[in-house]
Number of protein chains: 2
Amino acid sequence: MRETFWTDDPRDLLRVRDGFVLATSPTNARPGFDRGKKHGAYALSEGSAVLRELQERLFAAGTVGTRRQVLLVLQAMDTAGKGGIVTHVIRAVDPNGVHYVAFKKPNEVELAHDFLWRVAKQVPAAGELGVFDRSHYEDVLIARVRELVPPKEIERRYDAINRFELGLVDSGTVIVKVMLHISKDEQKKRLTRRLDREDKHWKYNPADVDERLHWDEYQDAFQRVFEKTSTDWAPWYVIPADHKWYARLAVQHLLIEALDGLDLGWPEVGYDIEAEKARLAAS
Amino acid sequence: MRETFWTDDPRDLLRVRDGFVLATSPTNARPGFDRGKKHGAYALSEGSAVLRELQERLFAAGTVGTRRQVLLVLQAMDTAGKGGIVTHVIRAVDPNGVHYVAFKKPNEVELAHDFLWRVAKQVPAAGELGVFDRSHYEDVLIARVRELVPPKEIERRYDAINRFELGLVDSGTVIVKVMLHISKDEQKKRLTRRLDREDKHWKYNPADVDERLHWDEYQDAFQRVFEKTSTDWAPWYVIPADHKWYARLAVQHLLIEALDGLDLGWPEVGYDIEAEKARLAAS
């Protein structure tokens, strides 16, 4: 591992494997990290420097046409901390190399196409770190719970997703799929806080409680997602997220490992260094 | 001013007014800031907190349909530090509310349209902070120096730009146009550094020296841009950028003032707070 602070590799501890059960998976644990929140801040800062350098190598490789890219897929119940991942983990790296997409409710044009149509347009280009804040998984989560499409179409989508992701992996993308896992009580606390503070009222949406009333169905839908789409080429990681700081560290680590695994050096120089030095000196 | 560290408002000191001459405008000064680099780091951090809160208000207003948006336009000679502005100033704010666009060489489809076509598609939506890393001004800078279009078309574009920007302002956008101003010597130093370090070689492009050989013509083209397009509704600011840290502080300040000038409170709540508290408590 590139960072110094893990006691065990969170990749091993958090990966969804056969027999995984979301219902008994902890939301307030900190697998692989035995220190507290304060130490977590130092750790995040250490990891940021590592992530930044690795991402720069990815971006540099992209500039010479190397088709390698990383795609982070973030899914979670409301308030679980997707936004914080972006703000605290992703912003450590050069925004030039980040392709961030927040998928909202599909519009009419998008609904007139297959559910993957709008997603395929947003996959990261060579050298990019793509970040999907929600994703094609909404089409088997809310779509299943709210019965937006027939059950048969939901079933079709799992396979379609697996094929789609295999295509991305085949063309050089490393996919990191993350579910931030919070407890129902923790969500209540966080939603309540929004109602308690005037400067957070705008973040509160009554529709969030509507979805909350379907909590168990969403957990079932996630469980089904893991069973159907945690593949060898694109496994899921379920990250305990009651401690926001831990969840950020864990996602940071998954990204570091994804990038480190690409084993990218600096690209070969496509010009004559000495000649350019001379030309520059004379300019 | 919202920040504590300025001795004078950089908006007044850096704004392009009638009679402005780029050629005699300093590149290594620090107008309005009389401390050094170390203090500049504290100042940037103070300003980041201010900027973050103001941007959150803008974003919040956008969620209830208030059509206010801010657009930062960044132009500069190569190596002047546009990237650093994005990394050090913009990343303080919630990326959800940032619409960042790096305009590259136009492609064939874009060239088949008017030069503003691809730009108009990228203007910020309600609540967004748009960041143009290069912009429609390339179409009167490189296009003029490299004679990519006839002189008459360049002349037409200045007026077209002014009308386009007036339209944006009329529909609720505050435009902050910034030129980062470095000396020719400073650029040589920075390009040389790229050739000296293996991990920076990928950032060096021989074409950068090709453009550098046209330095004076670019300065003339900028001068012309300021004369033709520094309008009451969208003035230019020329920021001395030999000290990168100063340039970042100054851009941060311009954004803070732009946002502060919108005088946005938190949006009115569109639901019954007590009723939602009860509903949430029961959930």
# chains A, B, ... in the order shown; residues from 1 in each chain; ligands from 1
>>> select_by_dssp(residues="stretch 102-193 of chain B", states="strand (DSSP E or B)", output="PyMOL selection string")
chain B and resi 102+129-133+173-181
>>> write_last_selection(atoms="all heavy atoms", output="CSV table (one decimal), in the first residue's frame")
chain,number,residue,atom,x,y,z
B,102,ALA,N,-12.7,23.6,-20.4
B,102,ALA,CA,-11.4,24.0,-21.0
B,102,ALA,C,-11.6,24.0,-22.5
B,102,ALA,O,-11.8,23.0,-23.1
B,102,ALA,CB,-10.3,23.0,-20.6
B,129,LEU,N,-21.3,28.4,-10.9
B,129,LEU,CA,-20.1,29.2,-11.1
B,129,LEU,C,-19.5,28.6,-12.3
B,129,LEU,O,-19.0,27.4,-12.3
B,129,LEU,CB,-19.2,29.1,-9.9
B,129,LEU,CG,-17.7,29.6,-10.1
B,129,LEU,CD1,-17.7,31.1,-10.5
B,129,LEU,CD2,-17.0,29.4,-8.8
B,130,GLY,N,-19.5,29.3,-13.5
B,130,GLY,CA,-18.9,28.8,-14.7
B,130,GLY,C,-17.4,29.2,-14.7
B,130,GLY,O,-17.1,30.3,-14.3
B,131,VAL,N,-16.6,28.3,-15.2
B,131,VAL,CA,-15.2,28.7,-15.3
B,131,VAL,C,-14.7,28.3,-16.8
B,131,VAL,O,-14.8,27.2,-17.2
B,131,VAL,CB,-14.3,27.9,-14.3
B,131,VAL,CG1,-12.8,28.3,-14.5
B,131,VAL,CG2,-14.7,28.2,-12.9
B,132,PHE,N,-14.4,29.4,-17.5
B,132,PHE,CA,-13.9,29.1,-18.9
B,132,PHE,C,-12.3,29.2,-18.8
B,132,PHE,O,-11.8,30.3,-18.6
B,132,PHE,CB,-14.4,30.2,-19.8
B,132,PHE,CG,-15.8,30.0,-20.3
B,132,PHE,CD1,-16.6,28.9,-19.8
B,132,PHE,CD2,-16.4,30.9,-21.2
B,132,PHE,CE1,-17.9,28.8,-20.2
B,132,PHE,CE2,-17.7,30.7,-21.6
B,132,PHE,CZ,-18.5,29.7,-21.1
B,133,ASP,N,-11.7,28.1,-19.0
B,133,ASP,CA,-10.2,28.0,-19.1
B,133,ASP,C,-9.9,28.2,-20.6
B,133,ASP,O,-10.0,27.2,-21.4
B,133,ASP,CB,-9.8,26.7,-18.6
B,133,ASP,CG,-8.4,26.4,-18.5
B,133,ASP,OD1,-7.6,27.2,-19.2
B,133,ASP,OD2,-7.9,25.5,-17.8
B,173,THR,N,-26.2,36.9,-15.3
B,173,THR,CA,-24.9,36.4,-15.1
B,173,THR,C,-23.9,37.6,-14.8
B,173,THR,O,-24.0,38.6,-15.4
B,173,THR,CB,-24.3,35.7,-16.4
B,173,THR,OG1,-25.3,34.7,-16.8
B,173,THR,CG2,-23.0,35.1,-16.2
B,174,VAL,N,-23.1,37.3,-13.8
B,174,VAL,CA,-22.0,38.3,-13.5
B,174,VAL,C,-20.7,37.7,-14.2
B,174,VAL,O,-20.4,36.6,-13.9
B,174,VAL,CB,-21.7,38.5,-12.0
B,174,VAL,CG1,-20.6,39.5,-11.8
B,174,VAL,CG2,-23.0,39.0,-11.3
B,175,ILE,N,-20.1,38.5,-15.1
B,175,ILE,CA,-19.0,38.0,-15.8
B,175,ILE,C,-17.7,38.6,-15.2
B,175,ILE,O,-17.6,39.8,-15.0
B,175,ILE,CB,-19.1,38.3,-17.3
B,175,ILE,CG1,-20.4,37.8,-17.9
B,175,ILE,CG2,-17.9,37.8,-18.1
B,175,ILE,CD1,-20.6,38.2,-19.3
B,176,VAL,N,-16.7,37.8,-14.9
B,176,VAL,CA,-15.4,38.2,-14.4
B,176,VAL,C,-14.4,37.8,-15.4
B,176,VAL,O,-14.1,36.6,-15.5
B,176,VAL,CB,-15.2,37.6,-13.0
B,176,VAL,CG1,-13.8,38.0,-12.5
B,176,VAL,CG2,-16.3,37.9,-12.0
B,177,LYS,N,-13.8,38.8,-16.1
B,177,LYS,CA,-12.9,38.5,-17.1
B,177,LYS,C,-11.5,38.8,-16.7
B,177,LYS,O,-11.2,39.9,-16.3
B,177,LYS,CB,-13.2,39.2,-18.4
B,177,LYS,CG,-14.6,38.9,-18.9
B,177,LYS,CD,-14.8,39.4,-20.4
B,177,LYS,CE,-14.8,40.9,-20.5
B,177,LYS,NZ,-15.4,41.4,-21.7
B,178,VAL,N,-10.6,37.8,-16.7
B,178,VAL,CA,-9.3,37.9,-16.1
B,178,VAL,C,-8.2,37.6,-17.1
B,178,VAL,O,-8.3,36.5,-17.8
B,178,VAL,CB,-9.1,37.0,-14.9
B,178,VAL,CG1,-7.7,36.8,-14.5
B,178,VAL,CG2,-10.0,37.5,-13.7
B,179,MET,N,-7.2,38.5,-17.2
B,179,MET,CA,-6.0,38.1,-18.0
B,179,MET,C,-4.9,38.0,-16.9
B,179,MET,O,-4.6,38.9,-16.2
B,179,MET,CB,-5.6,39.1,-19.0
B,179,MET,CG,-4.4,38.7,-19.8
B,179,MET,SD,-3.0,39.8,-19.7
B,179,MET,CE,-1.9,39.1,-21.0
B,180,LEU,N,-4.2,36.8,-16.9
B,180,LEU,CA,-3.1,36.7,-16.0
B,180,LEU,C,-1.9,37.1,-16.8
B,180,LEU,O,-1.5,36.6,-17.9
B,180,LEU,CB,-2.9,35.2,-15.6
B,180,LEU,CG,-4.1,34.6,-14.9
B,180,LEU,CD1,-3.8,33.1,-14.7
B,180,LEU,CD2,-4.4,35.3,-13.6
B,181,HIS,N,-1.2,38.1,-16.3
B,181,HIS,CA,-0.2,38.9,-17.0
B,181,HIS,C,1.2,38.5,-16.5
B,181,HIS,O,1.6,38.8,-15.4
B,181,HIS,CB,-0.4,40.4,-16.8
B,181,HIS,CG,0.4,41.3,-17.7
B,181,HIS,ND1,0.9,40.9,-18.9
B,181,HIS,CD2,0.9,42.5,-17.4
B,181,HIS,CE1,1.6,41.9,-19.4
B,181,HIS,NE2,1.6,42.9,-18.5
>>> interface_residues(of="chain B", to="chain A", cutoff="8 Å", atoms="only C-alpha atoms", output="PyMOL selection string")
chain B and resi 60+63+83+86-87+91+93-96+102+188+191-192+195+198-199+201-203+206+209+212-213+266-269+271+273+276-277+279-281+283
>>> closest_residue(among="B:Glu211, B:Asp78, B:Glu257, B:Asp263", to="B:Val50", atoms="only C-alpha atoms")
B:Glu257
>>> atom_distance(atom1="atom CA of B:Arg118", atom2="atom CA of B:Gln69")
18.7 Å
>>> residues_around(residues="stretch 156-164 of chain B", least_positions_apart="5", cutoff="8 Å", atoms="only C-alpha atoms", output="NGL selection string")
:B and (116 or 136 or 139-140 or 225 or 228-229 or 231)
>>> write_last_selection(atoms="N, CA, C and O atoms", output="mmCIF file, in the first residue's frame")
data_model
loop_
_atom_site.group_PDB
_atom_site.id
_atom_site.type_symbol
_atom_site.label_atom_id
_atom_site.label_comp_id
_atom_site.auth_asym_id
_atom_site.auth_seq_id
_atom_site.Cartn_x
_atom_site.Cartn_y
_atom_site.Cartn_z
ATOM 1 N N LEU B 116 -19.094 31.658 -31.620
ATOM 2 C CA LEU B 116 -19.766 31.696 -30.315
ATOM 3 C C LEU B 116 -20.670 30.484 -30.063
ATOM 4 O O LEU B 116 -21.145 30.276 -28.953
ATOM 5 N N HIS B 136 -14.031 32.289 -25.739
ATOM 6 C CA HIS B 136 -14.266 32.923 -27.036
ATOM 7 C C HIS B 136 -13.190 33.972 -27.347
ATOM 8 O O HIS B 136 -13.087 34.415 -28.495
ATOM 9 N N ASP B 139 -10.641 33.343 -30.039
ATOM 10 C CA ASP B 139 -11.068 33.596 -31.417
ATOM 11 C C ASP B 139 -10.738 35.004 -31.900
ATOM 12 O O ASP B 139 -10.968 35.338 -33.069
ATOM 13 N N VAL B 140 -10.237 35.830 -30.970
ATOM 14 C CA VAL B 140 -9.692 37.129 -31.383
ATOM 15 C C VAL B 140 -8.242 37.285 -30.905
ATOM 16 O O VAL B 140 -7.665 38.360 -31.030
ATOM 17 N N VAL B 225 -7.996 43.557 -27.490
ATOM 18 C CA VAL B 225 -9.127 42.945 -26.786
ATOM 19 C C VAL B 225 -9.605 43.859 -25.670
ATOM 20 O O VAL B 225 -10.817 44.085 -25.495
ATOM 21 N N LYS B 228 -11.413 46.917 -27.042
ATOM 22 C CA LYS B 228 -12.698 46.675 -27.696
ATOM 23 C C LYS B 228 -13.733 46.016 -26.783
ATOM 24 O O LYS B 228 -14.934 46.139 -27.029
ATOM 25 N N THR B 229 -13.305 45.281 -25.771
ATOM 26 C CA THR B 229 -14.274 44.451 -25.043
ATOM 27 C C THR B 229 -14.267 44.648 -23.519
ATOM 28 O O THR B 229 -14.887 43.862 -22.800
ATOM 29 N N THR B 231 -16.010 46.298 -21.239
ATOM 30 C CA THR B 231 -17.256 47.067 -21.231
ATOM 31 C C THR B 231 -17.707 47.343 -19.797
ATOM 32 O O THR B 231 -17.189 46.753 -18.841
#
>>> atom_distance(atom1="atom CA of B:Phe20", atom2="atom CA of B:Phe222")
11.3 Å
>>> atom_distance(atom1="atom CA of B:Arg68", atom2="atom CA of B:Gly172")
4.7 Å
>>> closest_residue(among="B:Leu74, B:Ala207, B:Ala221, B:Ala125", to="B:Ile142", atoms="only C-alpha atoms")
B:Ala221
